[in-house]
$ cat structure.tsv   # TSV, C-alpha atoms
chain	number	residue	atom	x	y	z
A	19	MET	CA	-99.35	-49.17	-7.62
A	20	SER	CA	-96.60	-51.60	-6.78
A	21	HIS	CA	-94.24	-49.71	-9.14
A	22	HIS	CA	-93.63	-47.12	-6.42
A	23	PRO	CA	-90.48	-48.01	-4.46
A	24	GLU	CA	-90.70	-48.03	-0.69
A	25	ILE	CA	-88.53	-45.43	1.03
A	26	ARG	CA	-86.06	-47.28	3.20
A	27	HIS	CA	-84.35	-44.31	4.83
A	28	ASP	CA	-85.66	-42.40	7.84
A	29	PRO	CA	-87.92	-45.18	9.20
A	30	ASP	CA	-88.91	-43.01	12.16
A	31	SER	CA	-90.23	-40.08	10.10
A	32	PRO	CA	-93.47	-38.71	11.62
A	33	LYS	CA	-95.53	-39.26	8.48
A	34	ARG	CA	-94.37	-42.85	8.12
A	35	GLN	CA	-95.12	-43.58	11.76
A	36	ALA	CA	-98.55	-41.91	11.39
A	37	VAL	CA	-99.33	-44.21	8.47
A	38	ILE	CA	-98.25	-47.31	10.40
A	39	ALA	CA	-100.33	-46.35	13.44
A	40	ALA	CA	-103.43	-45.46	11.43
A	41	ALA	CA	-103.23	-48.55	9.24
A	42	GLY	CA	-102.78	-50.83	12.25
A	43	GLU	CA	-105.93	-49.47	13.88
A	44	LEU	CA	-107.91	-49.78	10.66
A	45	PHE	CA	-106.80	-53.35	9.93
A	46	ILE	CA	-107.62	-54.45	13.47
A	47	ALA	CA	-111.01	-52.72	13.48
A	48	GLN	CA	-112.17	-53.54	9.93
A	49	GLY	CA	-110.04	-56.41	8.65
A	50	TYR	CA	-107.44	-56.50	5.91
A	51	GLY	CA	-109.67	-56.84	2.88
A	52	ALA	CA	-112.05	-54.05	3.85
A	53	VAL	CA	-109.33	-51.41	4.29
A	54	SER	CA	-108.20	-49.49	1.22
A	55	MET	CA	-105.02	-47.50	0.85
A	56	ASP	CA	-107.22	-44.44	0.35
A	57	ALA	CA	-108.73	-45.02	3.78
A	58	VAL	CA	-105.28	-45.37	5.31
A	59	ALA	CA	-104.16	-42.10	3.75
A	60	ARG	CA	-107.23	-40.29	5.07
A	61	ALA	CA	-106.87	-41.73	8.57
A	62	ALA	CA	-103.15	-40.88	8.69
A	63	GLY	CA	-103.70	-37.37	7.36
A	64	VAL	CA	-101.30	-37.81	4.44
A	65	SER	CA	-101.70	-37.65	0.69
A	66	LYS	CA	-101.89	-40.78	-1.43
A	67	ALA	CA	-98.60	-39.78	-3.02
A	68	THR	CA	-96.92	-39.67	0.39
A	69	LEU	CA	-98.46	-43.00	1.38
A	70	TYR	CA	-97.26	-44.75	-1.77
A	71	ALA	CA	-93.85	-43.13	-1.50
A	72	HIS	CA	-93.40	-44.91	1.81
A	73	PHE	CA	-95.28	-48.14	1.05
A	74	ALA	CA	-95.56	-49.60	-2.41
A	75	SER	CA	-98.60	-51.74	-1.60
A	76	LYS	CA	-101.02	-52.73	1.13
A	77	ASP	CA	-99.23	-56.01	1.83
A	78	ARG	CA	-95.91	-54.16	2.25
A	79	LEU	CA	-97.63	-51.83	4.69
A	80	PHE	CA	-99.07	-54.75	6.65
A	81	ALA	CA	-95.66	-56.44	6.75
A	82	THR	CA	-94.18	-53.28	8.24
A	83	ILE	CA	-96.89	-53.19	10.91
A	84	ILE	CA	-95.92	-56.73	11.89
A	85	LYS	CA	-92.24	-55.79	11.99
A	86	GLU	CA	-93.05	-52.90	14.31
A	87	ALA	CA	-95.19	-55.10	16.55
A	88	CYS	CA	-92.42	-57.70	16.73
A	89	ARG	CA	-89.68	-55.30	17.82
A	90	GLN	CA	-90.29	-56.34	21.43
A	91	LYS	CA	-89.99	-59.98	20.49
A	92	VAL	CA	-86.63	-59.51	18.79
A	93	ALA	CA	-85.47	-57.35	21.69
A	94	ALA	CA	-86.24	-60.25	23.99
A	95	ILE	CA	-83.88	-62.47	22.03
A	96	ASP	CA	-81.17	-59.85	22.53
A	97	LEU	CA	-81.32	-60.73	26.24
A	98	LEU	CA	-79.66	-64.04	25.44
A	99	ALA	CA	-75.98	-63.57	26.15
A	100	GLU	CA	-73.17	-65.52	24.56
A	101	PRO	CA	-71.61	-67.35	26.28
A	102	CYS	CA	-74.35	-68.27	28.73
A	103	ASP	CA	-73.56	-69.51	32.23
A	104	ASP	CA	-77.19	-70.06	33.27
A	105	LEU	CA	-79.36	-71.54	30.54
A	106	ALA	CA	-82.43	-71.79	32.75
A	107	ALA	CA	-82.27	-68.11	33.67
A	108	ALA	CA	-81.72	-67.06	30.04
A	109	LEU	CA	-84.59	-69.18	28.74
A	110	THR	CA	-86.86	-68.00	31.53
A	111	ALA	CA	-86.17	-64.35	30.69
A	112	LEU	CA	-86.85	-65.05	27.03
A	113	GLY	CA	-89.98	-67.04	27.77
A	114	GLN	CA	-91.36	-64.36	30.08
A	115	GLN	CA	-91.03	-61.62	27.47
A	116	MET	CA	-92.20	-63.85	24.63
A	117	LEU	CA	-95.35	-65.05	26.36
A	118	ARG	CA	-96.26	-61.59	27.56
A	119	PHE	CA	-95.77	-60.32	24.02
A	120	LEU	CA	-98.00	-63.07	22.63
A	121	LEU	CA	-100.69	-62.25	25.20
A	122	ASP	CA	-100.61	-58.51	24.49
A	123	ALA	CA	-103.75	-57.06	22.94
A	124	LYS	CA	-102.20	-55.74	19.71
A	125	PRO	CA	-100.27	-58.88	18.67
A	126	LEU	CA	-103.38	-60.95	19.43
A	127	ALA	CA	-105.53	-58.62	17.31
A	128	ILE	CA	-103.08	-58.76	14.41
A	129	GLN	CA	-103.00	-62.54	14.56
A	130	ARG	CA	-106.81	-62.67	14.47
A	131	VAL	CA	-106.81	-60.54	11.31
A	132	VAL	CA	-104.25	-62.85	9.70
A	133	MET	CA	-106.07	-66.05	10.61
A	134	ALA	CA	-109.41	-64.67	9.45
A	135	GLU	CA	-108.26	-63.48	6.03
A	136	CYS	CA	-105.07	-65.30	5.02
A	137	VAL	CA	-106.92	-67.77	2.79
A	138	ARG	CA	-108.40	-64.92	0.72
A	139	PHE	CA	-105.20	-62.90	0.86
A	140	PRO	CA	-102.16	-65.23	0.82
A	141	GLU	CA	-99.80	-62.27	1.03
A	142	LEU	CA	-101.18	-61.64	4.51
A	143	GLY	CA	-100.06	-64.99	5.87
A	144	ARG	CA	-96.70	-64.66	4.14
A	145	ALA	CA	-96.11	-61.20	5.61
A	146	PHE	CA	-97.04	-62.41	9.09
A	147	TYR	CA	-94.90	-65.54	8.94
A	148	GLU	CA	-91.79	-63.97	7.42
A	149	ASN	CA	-91.76	-60.95	9.73
A	150	GLY	CA	-92.92	-62.66	12.93
A	151	PRO	CA	-92.44	-66.38	13.66
A	152	GLU	CA	-89.70	-66.86	11.07
A	153	VAL	CA	-87.58	-64.07	12.55
A	154	PHE	CA	-87.86	-65.64	16.00
A	155	ARG	CA	-87.13	-69.21	14.92
A	156	ARG	CA	-84.03	-68.21	12.93
A	157	THR	CA	-82.62	-65.87	15.57
A	158	PHE	CA	-83.35	-68.10	18.55
A	159	GLY	CA	-82.23	-71.15	16.57
A	160	ALA	CA	-78.87	-69.50	15.89
A	161	TRP	CA	-78.42	-68.88	19.63
A	162	LEU	CA	-79.27	-72.51	20.39
A	163	ALA	CA	-76.73	-73.62	17.81
A	164	VAL	CA	-74.06	-71.62	19.64
A	165	GLN	CA	-75.00	-73.27	22.93
A	166	ALA	CA	-74.91	-76.70	21.31
A	167	GLY	CA	-71.51	-75.94	19.78
A	168	ALA	CA	-70.22	-75.00	23.22
A	169	GLY	CA	-71.42	-78.30	24.66
A	170	ARG	CA	-74.13	-76.77	26.88
A	171	LEU	CA	-77.05	-78.38	25.04
A	172	ALA	CA	-77.54	-81.36	22.74
A	173	VAL	CA	-79.68	-79.85	19.98
A	174	PRO	CA	-79.70	-81.81	16.69
A	175	ASP	CA	-81.84	-79.22	14.89
A	176	PRO	CA	-81.76	-75.76	16.52
A	177	VAL	CA	-84.58	-74.34	14.40
A	178	ILE	CA	-86.93	-77.19	15.32
A	179	ALA	CA	-85.94	-76.75	18.96
A	180	ALA	CA	-86.78	-73.04	18.72
A	181	ASP	CA	-90.19	-73.95	17.29
A	182	GLN	CA	-90.76	-76.39	20.12
A	183	PHE	CA	-89.96	-73.84	22.82
A	184	LEU	CA	-92.35	-71.30	21.31
A	185	GLY	CA	-94.92	-74.05	20.85
A	186	MET	CA	-94.85	-74.87	24.54
A	187	LEU	CA	-95.61	-71.25	25.34
A	188	ARG	CA	-98.50	-71.13	22.90
A	189	ALA	CA	-99.97	-74.57	23.61
A	190	THR	CA	-101.51	-73.50	26.89
A	191	GLY	CA	-104.96	-72.69	28.17
A	192	ILE	CA	-104.03	-69.10	28.96
A	193	PHE	CA	-102.90	-68.42	25.39
A	194	LEU	CA	-105.95	-70.10	23.87
A	195	ARG	CA	-108.33	-68.13	26.10
A	196	ALA	CA	-106.55	-64.90	25.27
A	197	SER	CA	-106.66	-65.72	21.55
A	198	LEU	CA	-110.41	-66.20	21.81
A	199	GLY	CA	-110.85	-63.03	23.82
A	200	LEU	CA	-112.17	-64.88	26.86
A	201	PRO	CA	-111.78	-63.31	30.32
A	202	PRO	CA	-110.16	-63.16	32.73
A	203	ALA	CA	-106.80	-61.73	31.70
A	204	PRO	CA	-103.93	-64.15	32.38
A	205	ALA	CA	-102.56	-63.84	35.89
A	206	ASP	CA	-98.85	-63.30	36.44
A	207	ALA	CA	-98.68	-66.54	38.42
A	208	ASP	CA	-100.12	-68.49	35.47
A	209	ILE	CA	-97.63	-66.91	33.07
A	210	ASP	CA	-94.75	-67.69	35.42
A	211	ALA	CA	-95.87	-71.30	35.79
A	212	THR	CA	-96.25	-71.74	32.04
A	213	VAL	CA	-92.77	-70.41	31.34
A	214	ALA	CA	-91.19	-72.43	34.15
A	215	ALA	CA	-92.74	-75.64	32.83
A	216	ALA	CA	-91.58	-74.90	29.28
A	217	VAL	CA	-88.02	-74.23	30.44
A	218	ARG	CA	-87.89	-77.42	32.55
A	219	THR	CA	-89.20	-79.54	29.69
A	220	PHE	CA	-86.90	-77.93	27.13
A	221	LEU	CA	-83.76	-78.41	29.23
A	222	ARG	CA	-84.64	-82.01	29.99
A	223	ALA	CA	-85.25	-82.74	26.32
A	224	TYR	CA	-81.94	-81.22	25.20
A	225	ALA	CA	-79.70	-81.94	28.17
A	226	VAL	CA	-76.18	-83.07	27.40
A	227	GLU	CA	-75.87	-86.72	28.41

$ encode --input "structure.tsv" --output "structure tokens"
Amino acid sequence: MSHHPEIRHDPDSPKRQAVIAAAGELFIAQGYGAVSMDAVARAAGVSKATLYAHFASKDRLFATIIKEACRQKVAAIDLLAEPCDDLAAALTALGQQMLRFLLDAKPLAIQRVVMAECVRFPELGRAFYENGPEVFRRTFGAWLAVQAGAGRLAVPDPVIAADQFLGMLRATGIFLRASLGLPPAPADADIDATVAAAVRTFLRAYAVE
């Protein structure tokens, strides 16, 4: 039913938010492939006509769920002021919010769904990438380009640098254990140490000589 246009106005309407919440719970609990739009409509307490009026297809609905889940991530980037007098403090604030977002139960659950089913459903991986990591790398990369232009950092490729910073946050034991659902929950001290190490390494790598 992809011929139905998605409604773009009133994104906070109660019915639309009910659909997003219900669909998110279903996808996490049952997987992407097993969940039908009929099931989403029933769980949200809306008609199929209402569901398709808001979301033209299941992949569009999943993409919106990712956008909603990533609002915190984008908000974290908004913490980065221009101009910036203290790069370490700005990167630390960003890293703290980013890593805590990545370790949160819902983003981890969504990522597990994507990784489990993206081969069978390529639109799933595309929706996740375009509305999650790609948003971060472009937005953070643009901020790094501003800092490089002001002579605060030497960053030949800001987008690659953005990827590297995020990679340092993800390439840690605490993130891997959380991704696998292994206890215990990451301690604040471990999160702080991970972010501090990433910031130190990043600033050394891109220091102005």

$ atom_distance --input "structure.tsv" --atom1 "atom CA of Ala203 of chain A" --atom2 "atom CA of Arg188 of chain A"
15.3 Å

$ atom_distance --input "structure.tsv" --atom1 "atom CA of Ala215 of chain A" --atom2 "atom CA of Asp181 of chain A"
15.8 Å

$ closest_atom_pairs --input "structure.tsv" --of "segment 72-92 of chain A" --to "segment 148-158 of chain A" --cutoff "7 Å" --atoms "all atoms listed in the file" --output "Markdown table"
| residue | atom | partner | partner_atom | distance |
| --- | --- | --- | --- | --- |
| A:Ala81 | CA | A:Asn149 | CA | 6.7 |
| A:Ile84 | CA | A:Asn149 | CA | 6.3 |
| A:Lys85 | CA | A:Asn149 | CA | 5.7 |
| A:Cys88 | CA | A:Gly150 | CA | 6.3 |
| A:Val92 | CA | A:Phe154 | CA | 6.8 |

$ atom_distance --input "structure.tsv" --atom1 "atom CA of Pro176 of chain A" --atom2 "atom CA of Gly159 of chain A"
4.6 Å

$ residues_around --input "structure.tsv" --residues "Gly167 of chain A" --least-positions-apart "6" --cutoff "12 Å" --atoms "only C-alpha atoms" --output "ChimeraX atom specification"
/A:100-101,160-161,173-176,226

$ write_last_selection --input "structure.tsv" --atoms "C-alpha atoms" --output "PDB file, in the frame of the given file"
ATOM      1  CA  GLU A 100     -73.170 -65.520  24.560  1.00  0.00           C
ATOM      2  CA  PRO A 101     -71.610 -67.350  26.280  1.00  0.00           C
ATOM      3  CA  ALA A 160     -78.870 -69.500  15.890  1.00  0.00           C
ATOM      4  CA  TRP A 161     -78.420 -68.880  19.630  1.00  0.00           C
ATOM      5  CA  VAL A 173     -79.680 -79.850  19.980  1.00  0.00           C
ATOM      6  CA  PRO A 174     -79.700 -81.810  16.690  1.00  0.00           C
ATOM      7  CA  ASP A 175     -81.840 -79.220  14.890  1.00  0.00           C
ATOM      8  CA  PRO A 176     -81.760 -75.760  16.520  1.00  0.00           C
ATOM      9  CA  VAL A 226     -76.180 -83.070  27.400  1.00  0.00           C
TER      10      VAL A 226
END

$ closest_atom_pairs --input "structure.tsv" --of "segment 46-82 of chain A" --to "segment 129-146 of chain A" --cutoff "9 Å" --atoms "only C-alpha atoms" --output "CSV"
residue,atom,partner,partner_atom,distance
A:Ile46,CA,A:Val131,CA,6.5
A:Gln48,CA,A:Val131,CA,8.9
A:Gly49,CA,A:Val131,CA,5.9
A:Tyr50,CA,A:Val131,CA,6.8
A:Gly51,CA,A:Glu135,CA,7.5
A:Asp77,CA,A:Glu141,CA,6.3
A:Arg78,CA,A:Ala145,CA,7.8
A:Phe80,CA,A:Ala145,CA,7.2
A:Ala81,CA,A:Ala145,CA,4.9
A:Thr82,CA,A:Ala145,CA,8.6

$ residues_near_point --input "structure.tsv" --point "(-87.6, -74.2, 29.3)" --cutoff "10 Å" --atoms "all atoms listed in the file" --output "compact mmCIF listing (two decimals) with C-alpha atoms, in the frame of the given file"
# COMPACT_ATOMS: atom_id res chain seq x y z
CA LEU A 105 -79.36 -71.54 30.54
CA ALA A 106 -82.43 -71.79 32.75
CA ALA A 107 -82.27 -68.11 33.67
CA ALA A 108 -81.72 -67.06 30.04
CA LEU A 109 -84.59 -69.18 28.74
CA THR A 110 -86.86 -68.00 31.53
CA LEU A 112 -86.85 -65.05 27.03
CA GLY A 113 -89.98 -67.04 27.77
CA GLN A 182 -90.76 -76.39 20.12
CA PHE A 183 -89.96 -73.84 22.82
CA LEU A 184 -92.35 -71.30 21.31
CA MET A 186 -94.85 -74.87 24.54
CA LEU A 187 -95.61 -71.25 25.34
CA THR A 212 -96.25 -71.74 32.04
CA VAL A 213 -92.77 -70.41 31.34
CA ALA A 214 -91.19 -72.43 34.15
CA ALA A 215 -92.74 -75.64 32.83
CA ALA A 216 -91.58 -74.90 29.28
CA VAL A 217 -88.02 -74.23 30.44
CA ARG A 218 -87.89 -77.42 32.55
CA THR A 219 -89.20 -79.54 29.69
CA PHE A 220 -86.90 -77.93 27.13
CA LEU A 221 -83.76 -78.41 29.23
CA ARG A 222 -84.64 -82.01 29.99
CA ALA A 223 -85.25 -82.74 26.32
CA TYR A 224 -81.94 -81.22 25.20

$ closest_residue --input "structure.tsv" --among "A:Gln165, A:Ser65, A:Gln35, A:Ser197" --to "Leu98 of chain A" --atoms "all atoms listed in the file"
A:Gln165

$ axis_aligned_box --input "structure.tsv" --around "segment 73-88 of chain A" --padding-each-side "5 Å" --output "AutoDock Vina command-line options"
--center_x -96.6 --center_y -52.9 --center_z 7.2 --size_x 18.8 --size_y 19.6 --size_z 29.1

$ closest_residue --input "structure.tsv" --among "A:Ala52, A:Ile192, A:Ala47, A:Leu171" --to "Ala207 of chain A" --atoms "only C-alpha atoms"
A:Ile192
